[in-house]
Amino acid sequence: MFASLLQTNWNPHSRHTFLYWVNAMTDSGRTTVHQIIQLEQLTTREYVYNPNLVIKRQSTESRMNNEQYYLGDLTHEQRQRVLYLAQRIPFNPWSQVNGCQVWLRDLLQCMLNEHIITQAVFNWVCQDIPLYERQPEH
């Protein structure tokens with residue numbers, strides 16, 4: 001399982017973050033098919049968690065152009081638990097302060113609490129991306 005981010009511009013608050021794992025390899029290993037857990041953007045200011053599984057084909061070029069954080073190898077049961085937890089992370093799609101980075105941090109915290117990831121992995125990802133802590137809504 002990996003945490004990833006896409007840099008859409010040089011504003012660090014605009015980074016889109018998500019979790020994914022490899023479901024299949026195609027083209028003799030040159031392309032991987034990932035299962036993605038993310039918030040999807042509906043409008044320029046509104047996101048929503050999509051409970052439907054998102055399967056996306058990702059090329060080597062795409063992997064090279066985005067930062068990747070290895071979280072560990074998960075069993076099928078652990079991946080199912082992550083999907084369950086992701087659906088239960090509170091998220092206000094109209095929030096101006098708690099975006100997808102906060103949502104991902106909350107999900108990683110749940111994964112840490114359930115011993116799916118280690119404290120060291122949690123600290124590394126949250127500090128390096130960075131993933132912000134939840135703030136009161138204005």
# chains A, B, ... in the order shown; residues from 1 in each chain; ligands from 1
>>> residues_around(residues="Gln135 in chain A", least_positions_apart="4", cutoff="10 Å", atoms="only C-alpha atoms", output="number ranges by chain")
A: 97-98, 102
>>> write_last_selection(atoms="C-alpha atoms", output="mmCIF file, in the first residue's frame")
data_model
loop_
_atom_site.group_PDB
_atom_site.id
_atom_site.type_symbol
_atom_site.label_atom_id
_atom_site.label_comp_id
_atom_site.auth_asym_id
_atom_site.auth_seq_id
_atom_site.Cartn_x
_atom_site.Cartn_y
_atom_site.Cartn_z
ATOM 1 C CA VAL A 97 -9.962 24.229 6.242
ATOM 2 C CA ASN A 98 -10.137 20.406 6.292
ATOM 3 C CA VAL A 102 -6.711 16.157 6.662
#
>>> residues_around(residues="Cys110 in chain A", least_positions_apart="2", cutoff="12 Å", atoms="only C-alpha atoms", output="list in words")
Arg81, Val82, Leu83, Tyr84, Leu85, Ala86, Gln87, Arg88, Ile89, Pro90, Trp103, Leu104, Arg105, Asp106, Leu107, Leu108, Leu112, Asn113, Glu114, His115, Ile116, Ile117, Thr118, Gln119 and Phe122 of chain A
>>> atom_distance(atom1="CA of Ile129 in chain A", atom2="CA of Ala24 in chain A")
26.6 Å
>>> atom_distance(atom1="CA of Gly99 in chain A", atom2="CA of Val121 in chain A")
21.1 Å
>>> atom_distance(atom1="CA of Leu19 in chain A", atom2="CA of Gln109 in chain A")
13.3 Å
>>> closest_residue(among="A:Gln101, A:Thr26, A:Asn92, A:Gln80", to="Gln127 in chain A", atoms="only C-alpha atoms")
A:Gln101
>>> closest_residue(among="A:Met111, A:Cys100, A:Ala120, A:Val33", to="Glu133 in chain A", atoms="only C-alpha atoms")
A:Cys100
